[in-house]
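Q: File name entry28.txt; file contents compact mmCIF, C-alpha atoms and all ligand atoms; full text below.
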# COMPACT_ATOMS: atom_id res chain seq x y z
CA MET A 1 94.40 148.23 143.19
CA ILE A 2 97.59 148.97 145.12
CA GLU A 3 97.65 150.83 148.45
CA VAL A 4 100.89 151.83 150.14
CA SER A 5 100.38 153.57 153.45
CA GLY A 6 103.09 155.08 155.63
CA TYR A 7 105.64 152.59 154.28
CA THR A 8 109.05 152.93 155.91
CA LYS A 9 112.03 150.63 155.48
CA ARG A 10 115.17 150.91 157.58
CA TYR A 11 118.37 148.94 157.15
CA GLY A 12 120.14 149.44 160.46
CA ARG A 13 120.28 153.21 160.91
CA HIS A 14 119.81 153.91 157.21
CA GLU A 15 116.26 154.81 156.19
CA ALA A 16 115.88 153.52 152.61
CA VAL A 17 112.23 154.62 152.32
CA SER A 18 110.53 157.15 154.61
CA ASN A 19 106.79 157.23 155.19
CA LEU A 20 105.72 156.60 151.60
CA SER A 21 102.01 156.59 150.75
CA PHE A 22 100.26 156.26 147.40
CA THR A 23 97.31 154.49 145.82
CA VAL A 24 97.05 153.09 142.31
CA GLN A 25 93.51 152.65 141.02
CA PRO A 26 92.43 150.00 138.51
CA GLY A 27 92.82 151.34 134.97
CA ALA A 28 95.97 153.29 135.83
CA VAL A 29 99.67 152.91 135.13
CA PHE A 30 101.65 154.36 138.02
CA GLY A 31 105.36 155.15 137.70
CA LEU A 32 107.85 155.03 140.55
CA LEU A 33 110.84 157.15 139.51
CA GLY A 34 114.05 158.22 141.17
CA SER A 35 117.84 158.23 141.06
CA ASN A 36 119.98 155.21 141.94
CA GLY A 37 119.37 154.22 145.55
CA ALA A 38 116.14 156.24 145.76
CA GLY A 39 114.16 153.32 147.22
CA LYS A 40 112.22 152.07 144.19
CA THR A 41 113.24 148.40 144.36
CA THR A 42 112.90 148.43 148.16
CA THR A 43 109.27 149.56 147.72
CA ILE A 44 108.57 146.97 145.03
CA ARG A 45 110.07 144.22 147.18
CA ALA A 46 107.70 145.12 150.03
CA LEU A 47 104.76 144.98 147.62
CA VAL A 48 105.63 141.53 146.32
CA GLY A 49 106.33 140.04 149.75
CA LEU A 50 110.13 139.87 149.57
CA THR A 51 111.24 142.57 152.05
CA ARG A 52 109.22 143.17 155.20
CA PRO A 53 108.31 146.82 155.93
CA THR A 54 109.80 148.33 159.10
CA SER A 55 106.44 150.10 159.47
CA GLY A 56 103.39 150.92 157.40
CA THR A 57 101.20 148.67 155.27
CA VAL A 58 101.21 147.51 151.66
CA ARG A 59 98.05 146.09 150.12
CA VAL A 60 97.41 144.52 146.74
CA ALA A 61 93.88 143.90 145.43
CA GLY A 62 92.57 144.61 148.93
CA PHE A 63 94.86 142.10 150.70
CA ASP A 64 97.65 143.02 153.09
CA VAL A 65 100.72 141.48 151.45
CA TRP A 66 102.25 140.56 154.80
CA ARG A 67 99.11 139.40 156.64
CA ASP A 68 97.36 137.68 153.74
CA PRO A 69 100.27 136.74 151.47
CA VAL A 70 98.69 133.88 149.52
CA LYS A 71 95.62 135.89 148.46
CA ALA A 72 97.72 138.97 147.69
CA LYS A 73 100.23 136.96 145.65
CA ALA A 74 97.48 135.27 143.64
CA ALA A 75 96.37 138.72 142.49
CA PHE A 76 99.59 140.09 141.02
CA GLY A 77 102.17 139.34 138.39
CA TYR A 78 105.72 140.45 139.13
CA ILE A 79 108.49 141.22 136.67
CA PRO A 80 111.73 141.68 138.67
CA ASP A 81 114.71 143.70 137.47
CA ARG A 82 116.86 140.56 137.49
CA PRO A 83 114.52 137.66 136.83
CA TYR A 84 115.47 134.25 138.14
CA LEU A 85 114.35 131.56 135.70
CA TYR A 86 115.04 127.84 135.82
CA GLY A 87 117.82 127.42 133.24
CA LYS A 88 117.27 123.67 132.90
CA LEU A 89 113.70 124.14 131.69
CA THR A 90 112.68 125.21 128.20
CA ALA A 91 110.55 128.35 127.90
CA ARG A 92 107.53 126.20 127.09
CA GLU A 93 108.07 123.98 130.15
CA LEU A 94 108.46 126.99 132.45
CA LEU A 95 105.38 128.70 131.04
CA ARG A 96 103.29 125.50 131.29
CA PHE A 97 104.34 125.28 134.93
CA VAL A 98 103.15 128.86 135.48
CA GLY A 99 99.94 128.12 133.57
CA GLN A 100 99.20 125.12 135.85
CA LEU A 101 100.04 127.07 139.00
CA TYR A 102 97.58 129.82 138.10
CA GLN A 103 95.09 127.47 136.37
CA VAL A 104 95.21 129.45 133.15
CA PRO A 105 92.50 128.24 130.76
CA ASP A 106 93.80 127.12 127.34
CA ALA A 107 97.35 127.66 128.56
CA ASP A 108 99.10 125.89 125.64
CA SER A 109 97.54 128.07 122.97
CA GLU A 110 98.08 131.19 125.10
CA ILE A 111 101.76 130.23 125.45
CA ASP A 112 102.06 129.77 121.68
CA ARG A 113 100.47 133.16 121.13
CA TRP A 114 102.87 134.86 123.55
CA LEU A 115 105.97 133.15 122.12
CA GLU A 116 104.91 134.26 118.64
CA PHE A 117 104.26 137.81 119.88
CA PHE A 118 107.84 138.07 121.20
CA ARG A 119 109.36 136.22 118.21
CA LEU A 120 110.44 133.34 120.45
CA THR A 121 108.53 130.53 118.72
CA ASP A 122 111.69 128.98 117.25
CA PHE A 123 113.33 128.93 120.71
CA GLY A 124 110.37 127.75 122.78
CA ASN A 125 111.80 124.24 123.15
CA GLU A 126 115.37 125.34 123.92
CA LEU A 127 116.72 125.44 127.48
CA ILE A 128 116.43 128.89 129.07
CA GLU A 129 120.12 128.73 130.05
CA THR A 130 120.93 129.18 126.35
CA TYR A 131 118.86 132.39 126.09
CA SER A 132 120.25 135.92 125.81
CA HIS A 133 119.46 138.45 128.54
CA GLY A 134 116.68 140.05 126.49
CA MET A 135 115.13 136.66 125.66
CA ARG A 136 115.04 135.77 129.36
CA GLN A 137 113.45 139.11 130.09
CA LYS A 138 110.73 138.34 127.53
CA VAL A 139 110.05 134.95 129.16
CA ALA A 140 109.77 136.66 132.57
CA ILE A 141 107.28 139.13 131.09
CA ILE A 142 105.21 136.32 129.55
CA ALA A 143 105.25 134.41 132.85
CA ALA A 144 103.87 137.46 134.67
CA LEU A 145 101.20 138.22 132.08
CA LEU A 146 100.07 134.67 131.26
CA PRO A 147 97.58 134.54 134.20
CA ASP A 148 96.24 137.99 133.14
CA PRO A 149 96.69 139.28 136.72
CA PRO A 150 94.52 142.08 138.13
CA VAL A 151 97.72 143.81 139.28
CA LEU A 152 101.06 143.95 137.48
CA ILE A 153 104.21 145.04 139.35
CA VAL A 154 107.25 145.72 137.22
CA ASP A 155 110.81 146.66 138.16
CA GLU A 156 112.88 148.13 135.29
CA PRO A 157 111.17 146.29 132.45
CA MET A 158 113.10 147.68 129.48
CA VAL A 159 116.66 146.73 130.44
CA GLY A 160 118.07 144.41 127.77
CA LEU A 161 115.10 144.65 125.42
CA ASP A 162 115.61 145.61 121.79
CA PRO A 163 113.72 148.73 120.58
CA HIS A 164 110.94 146.70 118.98
CA ALA A 165 110.34 144.62 122.11
CA ALA A 166 110.59 147.73 124.32
CA ARG A 167 107.79 149.33 122.33
CA GLN A 168 105.71 146.12 122.52
CA VAL A 169 106.15 145.97 126.29
CA ARG A 170 105.28 149.63 126.74
CA ASP A 171 102.07 149.08 124.76
CA LEU A 172 101.31 145.91 126.75
CA PHE A 173 101.41 147.78 130.06
CA ARG A 174 99.15 150.49 128.70
CA SER A 175 96.63 148.02 127.29
CA HIS A 176 96.72 145.96 130.51
CA ALA A 177 95.63 149.05 132.44
CA ASP A 178 93.13 150.06 129.77
CA ARG A 179 91.38 146.72 130.42
CA GLY A 180 90.75 147.82 134.01
CA ARG A 181 93.87 146.29 135.55
CA THR A 182 96.43 148.06 137.76
CA VAL A 183 100.06 148.56 136.73
CA LEU A 184 102.95 149.82 138.87
CA LEU A 185 106.35 150.19 137.26
CA THR A 186 109.76 151.60 138.02
CA THR A 187 111.94 152.82 135.22
CA HIS A 188 114.93 155.03 134.55
CA SER A 189 113.53 155.76 131.11
CA LEU A 190 111.70 159.05 131.50
CA PRO A 191 110.28 158.94 127.93
CA VAL A 192 108.76 155.51 128.72
CA ALA A 193 107.30 156.81 131.97
CA GLU A 194 105.94 159.87 130.24
CA ALA A 195 104.39 157.77 127.47
CA VAL A 196 102.57 155.21 129.62
CA CYS A 197 102.08 156.52 133.17
CA ASP A 198 98.94 158.31 134.33
CA ARG A 199 100.50 159.25 137.65
CA LEU A 200 104.03 159.32 138.97
CA VAL A 201 105.92 159.57 142.19
CA VAL A 202 109.50 160.84 142.21
CA LEU A 203 111.64 159.53 145.07
CA ASP A 204 115.07 160.60 146.21
CA ARG A 205 116.92 158.94 149.09
CA GLY A 206 113.64 157.42 150.23
CA LYS A 207 111.72 160.71 150.31
CA VAL A 208 108.92 161.80 147.98
CA LEU A 209 109.93 164.83 145.94
CA GLY A 210 106.73 165.02 143.91
CA GLU A 211 103.60 163.04 143.13
CA GLY A 212 100.71 163.28 140.70
CA SER A 213 99.90 163.50 137.02
CA MET A 214 102.24 165.24 134.60
CA ASP A 215 100.06 168.35 134.95
CA ASP A 216 100.23 168.19 138.77
CA LEU A 217 104.02 167.88 138.65
CA ARG A 218 104.27 170.68 136.12
CA ALA A 219 102.23 172.94 138.36
CA ARG A 220 104.32 171.96 141.40
CA THR A 221 107.66 172.63 139.68
CA GLY A 222 106.58 175.66 137.68
CA THR A 223 107.90 174.12 134.48
CA GLU A 224 105.97 175.59 131.61
CA ALA A 225 104.60 173.78 128.62
CA GLY A 226 106.35 174.47 125.30
CA GLY A 227 109.94 175.03 124.26
CA VAL A 228 112.35 172.28 123.32
CA HIS A 229 111.99 170.29 126.54
CA GLY A 230 109.46 172.68 128.03
CA ASP A 231 106.94 170.25 129.39
CA SER A 232 108.91 167.02 129.37
CA LEU A 233 109.12 164.70 132.34
CA GLU A 234 112.89 164.97 132.06
CA ARG A 235 112.72 168.66 132.83
CA ILE A 236 110.28 168.12 135.71
CA PHE A 237 112.48 165.34 137.13
CA PHE A 238 115.64 167.46 137.10
CA ARG A 239 113.79 170.46 138.53
CA LEU A 240 112.58 168.33 141.47
CA LEU A 241 116.11 167.05 142.10
CA GLU A 242 117.62 170.55 141.83
CA ASP A 243 115.04 171.93 144.28
CA GLU A 244 115.85 169.12 146.71
CA LEU A 245 119.62 169.72 146.45
CA GLU A 246 119.04 173.43 146.99
CA GLU A 247 116.91 172.67 150.07
CA GLN A 248 119.59 170.34 151.47
CA ARG A 249 122.25 173.02 150.89
CA ARG A 250 120.09 175.61 152.67
CA VAL A 251 119.52 173.30 155.65
CA ARG A 252 123.27 172.55 155.86
CA GLU A 253 124.11 176.23 155.73
CA GLU A 254 121.58 177.07 158.43
CA ALA A 255 122.93 174.25 160.59
CA GLY A 256 126.46 175.57 160.00
CA VAL A 257 125.44 179.09 160.97
CA ALA A 258 123.63 177.79 164.07
CA GLY A 259 126.72 175.72 164.91
CA VAL A 260 129.02 178.78 164.69
CA GLY A 261 126.77 180.83 166.99
CA ALA A 262 126.32 178.06 169.57
N1 LIG B 301 119.55 144.49 151.78
C1 LIG B 301 119.95 145.75 151.99
N2 LIG B 301 120.74 146.05 153.05
C2 LIG B 301 121.12 147.32 153.29
N3 LIG B 301 120.78 148.38 152.53
C3 LIG B 301 119.99 148.14 151.47
C4 LIG B 301 119.54 146.83 151.14
N4 LIG B 301 118.75 146.89 150.02
C5 LIG B 301 118.74 148.20 149.67
N5 LIG B 301 119.47 148.96 150.53
C6 LIG B 301 119.67 150.41 150.49
O1 LIG B 301 118.41 151.02 150.31
C7 LIG B 301 118.52 152.15 149.47
C8 LIG B 301 117.50 152.03 148.34
O2 LIG B 301 117.89 150.96 147.49
P1 LIG B 301 116.95 150.50 146.26
O3 LIG B 301 117.56 149.24 145.72
O4 LIG B 301 115.55 150.47 146.69
O5 LIG B 301 117.16 151.71 145.24
P2 LIG B 301 116.59 151.91 143.77
O6 LIG B 301 115.80 153.18 143.79
O7 LIG B 301 115.90 150.70 143.31
O8 LIG B 301 117.95 152.17 142.98
P3 LIG B 301 118.47 151.75 141.52
O9 LIG B 301 117.85 152.74 140.57
O10 LIG B 301 119.94 151.94 141.64
O11 LIG B 301 118.06 150.33 141.27
C9 LIG B 301 119.97 152.22 149.02
O12 LIG B 301 120.63 153.19 149.82
C10 LIG B 301 120.49 150.83 149.28
O13 LIG B 301 121.86 150.86 149.61
Would you mind writing the structure in this file as structure tokens?
A:
Amino acid sequence: MIEVSGYTKRYGRHEAVSNLSFTVQPGAVFGLLGSNGAGKTTTIRALVGLTRPTSGTVRVAGFDVWRDPVKAKAAFGYIPDRPYLYGKLTARELLRFVGQLYQVPDADSEIDRWLEFFRLTDFGNELIETYSHGMRQKVAIIAALLPDPPVLIVDEPMVGLDPHAARQVRDLFRSHADRGRTVLLTTHSLPVAEAVCDRLVVLDRGKVLGEGSMDDLRARTGTEAGGVHGDSLERIFFRLLEDELEEQRRVREEAGVAGVGA
């Protein structure tokens, strides 16, 4: 389970995330969506213990990430948008290291199974520094999933993956949640989010524009089912952004009018 409560992050005077709250229950895949600079990675970094919140709390598996970091970190796997992997290790060496760290039972056969799954068996004994971007991404995904963590936190998982691997990863997230685990992911791929997420939050400039299931968001935006893109997440997403831009324009105009009269 993931609980984010009143999370705010400021960089100097710039508020990157404002008073964000959401809960992700076991069994669910939760999607964090938004334009560039919306605050998605900033939120993920608070959840994995890399960027301290200015205020608010973030909890994973019942543990406050910043008060009880060791217990919280033992409970989640993290797939970053730009994974750092030790280039001078082979994939097998790196994954054995992870297996020992998390005391994964039968780690060697699990590692073999994962390498086979991602068609990396022939490269398992090669140095990671010789890997392509997508191959590194696959190793990072295996490293996060090898301990079968109760909570999986994923930042932009599909970047660099070929279509076959992207489909495998999408199915992995869904099946991880279907086994009673919790998954939080950010993605710019709205079809991926629509296919795997049970609930979504749409952020823009650190503010929540909408939150809930597809049906909740549809009801909120008044986008009807049917038509070519009638009920797609893409349409909902753009409607939320358009409404926000319209609101900002209205506020600016009102401020301008008030300024003229003052
Ligand atoms: N270390 C930092 N110092 C100052 N500002 C930062 C820092 N990290 C992030 N920001 C700012 O916080 C805001 C949110 O950034 P964040 O990386 O969370 O966005 P994002 O939603 O992940 O965007 P993208 O889709 O482009 O990856 C941006 O305005 C960014 O400039």
Q: Mind pulling up the distance from atom CA of A:Gly49 to atom CA of A:Asp68?
A: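 For atom CA of A:Asp68 relative to atom CA of A:Gly49, the distance reads 10.1 Å.
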Q: Let me have all residues with an atom within 10 Å of ligand LIG 301 (chain B), counting all atoms listed in the file, laid out as a VMD selection string.
A: chain A and resid 9 to 17 32 to 45 51 81 155 to 156 186 to 188 203 to 206
Q: For the residues in that selection, give me C-alpha atoms as a short mmCIF file (atom, residue, chain, number, x, y, z; two decimals), keeping the file's coordinate frame.
A:
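So the final result, stored in selection.cif, reads:
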data_model
loop_
_atom_site.label_atom_id
_atom_site.label_comp_id
_atom_site.auth_asym_id
_atom_site.auth_seq_id
_atom_site.Cartn_x
_atom_site.Cartn_y
_atom_site.Cartn_z
CA LYS A 9 112.03 150.63 155.48
CA ARG A 10 115.17 150.91 157.58
CA TYR A 11 118.37 148.94 157.15
CA GLY A 12 120.14 149.44 160.46
CA ARG A 13 120.28 153.21 160.91
CA HIS A 14 119.81 153.91 157.21
CA GLU A 15 116.26 154.81 156.19
CA ALA A 16 115.88 153.52 152.61
CA VAL A 17 112.23 154.62 152.32
CA LEU A 32 107.85 155.03 140.55
CA LEU A 33 110.84 157.15 139.51
CA GLY A 34 114.05 158.22 141.17
CA SER A 35 117.84 158.23 141.06
CA ASN A 36 119.98 155.21 141.94
CA GLY A 37 119.37 154.22 145.55
CA ALA A 38 116.14 156.24 145.76
CA GLY A 39 114.16 153.32 147.22
CA LYS A 40 112.22 152.07 144.19
CA THR A 41 113.24 148.40 144.36
CA THR A 42 112.90 148.43 148.16
CA THR A 43 109.27 149.56 147.72
CA ILE A 44 108.57 146.97 145.03
CA ARG A 45 110.07 144.22 147.18
CA THR A 51 111.24 142.57 152.05
CA ASP A 81 114.71 143.70 137.47
CA ASP A 155 110.81 146.66 138.16
CA GLU A 156 112.88 148.13 135.29
CA THR A 186 109.76 151.60 138.02
CA THR A 187 111.94 152.82 135.22
CA HIS A 188 114.93 155.03 134.55
CA LEU A 203 111.64 159.53 145.07
CA ASP A 204 115.07 160.60 146.21
CA ARG A 205 116.92 158.94 149.09
CA GLY A 206 113.64 157.42 150.23
#
Q: Quote the spacing between atom CA of A:Asn125 and atom CA of A:Asp106 in Å to one decimal place.
A: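 Calculated distance between atom CA of A:Asn125 and atom CA of A:Asp106 is 18.7 Å.
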Q: Within 8 Å of A:Ile79, counting only C-alpha atoms, which residues qualify if same-chain residues fewer than 2 places away don't, as a ChimeraX atom specification?
A: /A:77,81,83,140-141,144,152-155,157
Q: With distances taken over all atoms listed in the file, which residue among A:Ala72, A:Leu47, A:Leu85, A:Ala166 lies nearest A:Glu129?
A: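 Answer, going by the shortest atom-to-atom distance: A:Leu85.
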Q: Measuring between all atoms listed in the file, which one of A:Arg96, A:Arg67, A:Arg239, A:Arg250 shows the shortest distance to A:Ile142?
A: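 Looking at the shortest contact to A:Ile142, the residue is A:Arg96.
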Q: Suppose you want the space between atom CA of A:Pro149 and atom CA of A:Phe117; what is it in Å?
A: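 Atom CA of A:Phe117 lies 18.5 Å from atom CA of A:Pro149.
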Q: A:Met1, A:Ile111, A:Val169, A:Ala28: which is nearest A:Lys138, counting only C-alpha atoms?
A: A:Val169
Q: Considering all atoms listed in the file, state which residue in the set A:Ser189, A:Ser213, A:Thr8, A:Thr221 is at the smallest distance from A:Arg52.
A: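 Closest candidate: A:Thr8.
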Q: Measuring between all atoms listed in the file, which one of A:Gly160, A:Pro150, A:Gly87, A:Pro105 shows the shortest distance to A:Ile128?
A: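 Ranked by minimum distance to A:Ile128, first place goes to A:Gly87.
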Q: Write out as a PDB file with C-alpha atoms, keeping the file's coordinate frame each polymer residue whose atoms come within 10 Å of A:Ala61, counting all atoms listed in the file; drop sequence neighbours fewer than 5 positions from it.
A:
ATOM      1  CA  MET A   1      94.400 148.230 143.190  1.00  0.00           C
ATOM      2  CA  ILE A   2      97.590 148.970 145.120  1.00  0.00           C
ATOM      3  CA  GLU A   3      97.650 150.830 148.450  1.00  0.00           C
ATOM      4  CA  GLN A  25      93.510 152.650 141.020  1.00  0.00           C
ATOM      5  CA  PRO A  26      92.430 150.000 138.510  1.00  0.00           C
ATOM      6  CA  LYS A  71      95.620 135.890 148.460  1.00  0.00           C
ATOM      7  CA  ALA A  72      97.720 138.970 147.690  1.00  0.00           C
ATOM      8  CA  LYS A  73     100.230 136.960 145.650  1.00  0.00           C
ATOM      9  CA  ALA A  74      97.480 135.270 143.640  1.00  0.00           C
ATOM     10  CA  ALA A  75      96.370 138.720 142.490  1.00  0.00           C
ATOM     11  CA  PHE A  76      99.590 140.090 141.020  1.00  0.00           C
ATOM     12  CA  PRO A 150      94.520 142.080 138.130  1.00  0.00           C
ATOM     13  CA  VAL A 151      97.720 143.810 139.280  1.00  0.00           C
ATOM     14  CA  THR A 182      96.430 148.060 137.760  1.00  0.00           C
TER      15      THR A 182
END
Q: Could you tell me which of A:Arg174, A:Arg136, A:Arg181, A:Arg220 comes closest to A:Val24 if we count all atoms listed in the file?
A: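 The answer is A:Arg181, which sits nearest to A:Val24.
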Q: Would you mind listing what lies within 10 Å of A:Arg119 as a list in words, with all atoms listed in the file counted and same-chain residues fewer than 5 positions away left out?
A: Arg113, Trp114, Gly124, Met135, Lys138 and Ala165 of chain A
